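Here the structure is laid out as structure tokens; the discussion comes afterwards.
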Amino acid sequence: MKWNWIIMLLIFAACQAEVEPPVESTQAEAYMPSTSAEGAAVYIIAPEDGSVVQSGAVTVKFGLSGMGVAPAGIEFDNSGHHHLLVNAEELPPMDMPIPTDSVHLHFGLGQTETTLDLSPGTYTLQLVLGDYAHIPHDPPVMSEPITIKVK
């Protein structure tokens, strides 16, 4: 009998305790764009603008000066990783993560070249450097677009 009273007393005390509501943040942590280094430049080393290449494996080599390459998810000042735009009709928003699709290719492991399997046609290639969160720097670091013809 004695235990029943103790259990009932504990249940009663627990029911009377005020439960604090979860603390809600009134300020969401705002993302601050990564700043690019003054004079930083990204460019396509190969193929050259206007090149005619054979269909199949086309190697694209990326160049970067004034900043370093770091994998996605790793936040270092003056660094980022490459995104290759293939036949993009327009640039992605500069304040959002660069999309991942057949037009916006991500190289989040820090790769500095890739091999594309391209069928015959004309292609426009452009590089955009993204920060650790795949968002272009402020100001954006991007190459001039180049055009190649694949035979």
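Chain labels A, B, ... are given in the sequence in which chains occur in the structure tokens; within each chain residues are numbered consecutively from 1, and ligands are likewise numbered from 1 in the order shown.
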
*Pick out the residues sitting within 7 Å of Ser51 in chain A, and hand them over as a ChimeraX atom specification; count only C-alpha atoms, and ignore anything fewer than 2 positions along from it in its own chain.*
/A:47-49,53,148-149

_Contacts of range 64-71 of chain A within 10 Å, only C-alpha atoms, excl. fewer than 5 positions in-chain, as a PyMOL selection string_ = chain A and resi 36-45+76-82+107-112+127+129-134+141-143

_List the spatial neighbours of Met94 in chain A as a list in words - criterion: any atom at most 12 Å away, only C-alpha atoms, same-chain residues fewer than 2 positions off excluded._
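Everything that qualifies: Pro33, Ser34, Glu90, Leu91, Pro92, Met96, Pro97, Ile98, Pro99, Val128, Leu129, Gly130, Asp131, His134, Ile135, Pro136, His137, Asp138, Pro139, Pro140, Val141 and Met142 of chain A.
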
*Nearest to Gly63 in chain A among A:Val86, A:Glu144, A:Thr124, A:Glu113, with distances taken over only C-alpha atoms: which residue is it?*
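With only C-alpha atoms as the atom set, the closest residue is A:Glu113.
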
*asked:* Between A:Val103, A:Val58, A:Leu85, A:Ala72, which residue has the minimum interatomic distance to Asp117 in chain A, considering only C-alpha atoms?
replied: A:Val58

*asked:* Could you tell me how far CA of Ser55 in chain A sits from CA of Asp101 in chain A, in Å to one decimal place?
replied: 21.3 Å

*Quick one: pull the distance between CA of Leu84 in chain A and CA of Phe62 in chain A, Å, one decimal.*
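Calculated distance between CA of Leu84 in chain A and CA of Phe62 in chain A is 9.0 Å.
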
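Here the helix (DSSP H, G or I) residues in chain A, by DSSP on the backbone, are Lys2, Trp3, Asn4, Trp5, Ile6, Ile7, Met8, Leu9, Leu10, Ile11, Phe12, Ala13, Ala14, Cys15 and Gln16 of chain A.
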
Hey, can you spit out that residue selection with N, CA and C atoms as an mmCIF file, in the first residue's frame?
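Writing the result to again.cif gives the following:
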```
data_model
loop_
_atom_site.group_PDB
_atom_site.id
_atom_site.type_symbol
_atom_site.label_atom_id
_atom_site.label_comp_id
_atom_site.auth_asym_id
_atom_site.auth_seq_id
_atom_site.Cartn_x
_atom_site.Cartn_y
_atom_site.Cartn_z
ATOM 1 N N LYS A 2 1.940 1.200 0.777
ATOM 2 C CA LYS A 2 2.799 2.360 0.912
ATOM 3 C C LYS A 2 3.328 2.792 -0.462
ATOM 4 N N TRP A 3 3.706 1.856 -1.323
ATOM 5 C CA TRP A 3 4.246 2.174 -2.651
ATOM 6 C C TRP A 3 3.188 2.815 -3.536
ATOM 7 N N ASN A 4 1.945 2.403 -3.427
ATOM 8 C CA ASN A 4 0.875 2.998 -4.222
ATOM 9 C C ASN A 4 0.760 4.491 -3.951
ATOM 10 N N TRP A 5 0.836 4.879 -2.666
ATOM 11 C CA TRP A 5 0.754 6.302 -2.298
ATOM 12 C C TRP A 5 1.942 7.078 -2.863
ATOM 13 N N ILE A 6 3.105 6.491 -2.790
ATOM 14 C CA ILE A 6 4.304 7.167 -3.308
ATOM 15 C C ILE A 6 4.196 7.346 -4.825
ATOM 16 N N ILE A 7 3.754 6.299 -5.519
ATOM 17 C CA ILE A 7 3.612 6.381 -6.971
ATOM 18 C C ILE A 7 2.579 7.427 -7.341
ATOM 19 N N MET A 8 1.426 7.425 -6.611
ATOM 20 C CA MET A 8 0.385 8.421 -6.908
ATOM 21 C C MET A 8 0.883 9.830 -6.631
ATOM 22 N N LEU A 9 1.661 9.998 -5.566
ATOM 23 C CA LEU A 9 2.206 11.313 -5.235
ATOM 24 C C LEU A 9 3.168 11.785 -6.320
ATOM 25 N N LEU A 10 4.004 10.877 -6.825
ATOM 26 C CA LEU A 10 4.936 11.235 -7.900
ATOM 27 C C LEU A 10 4.187 11.597 -9.180
ATOM 28 N N ILE A 11 3.156 10.857 -9.516
ATOM 29 C CA ILE A 11 2.360 11.163 -10.713
ATOM 30 C C ILE A 11 1.693 12.521 -10.547
ATOM 31 N N PHE A 12 1.128 12.782 -9.363
ATOM 32 C CA PHE A 12 0.480 14.067 -9.108
ATOM 33 C C PHE A 12 1.492 15.208 -9.240
ATOM 34 N N ALA A 13 2.667 15.035 -8.682
ATOM 35 C CA ALA A 13 3.706 16.084 -8.744
ATOM 36 C C ALA A 13 4.141 16.322 -10.183
ATOM 37 N N ALA A 14 4.267 15.241 -10.945
ATOM 38 C CA ALA A 14 4.679 15.379 -12.343
ATOM 39 C C ALA A 14 3.621 16.123 -13.147
ATOM 40 N N CYS A 15 2.360 15.864 -12.865
ATOM 41 C CA CYS A 15 1.278 16.540 -13.602
ATOM 42 C C CYS A 15 1.202 18.018 -13.252
ATOM 43 N N GLN A 16 1.638 18.387 -12.067
ATOM 44 C CA GLN A 16 1.569 19.779 -11.635
ATOM 45 C C GLN A 16 2.757 20.616 -12.118
#
```

*DSSP-assigned strand (DSSP E or B) members of range 38-81 of chain A, reported as a list in words*: Ala41, Val42, Tyr43, Ile44, Ile45, Ala46, Val52, Val53, Gly56, Ala57, Val58, Thr59, Val60, Lys61, Phe62, Gly63, Leu64, Ser65, Gly68, Val69, Ser79, Gly80 and His81 of chain A

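The space between CA of His104 in chain A and CA of Gly50 in chain A spans 21.1 Å.
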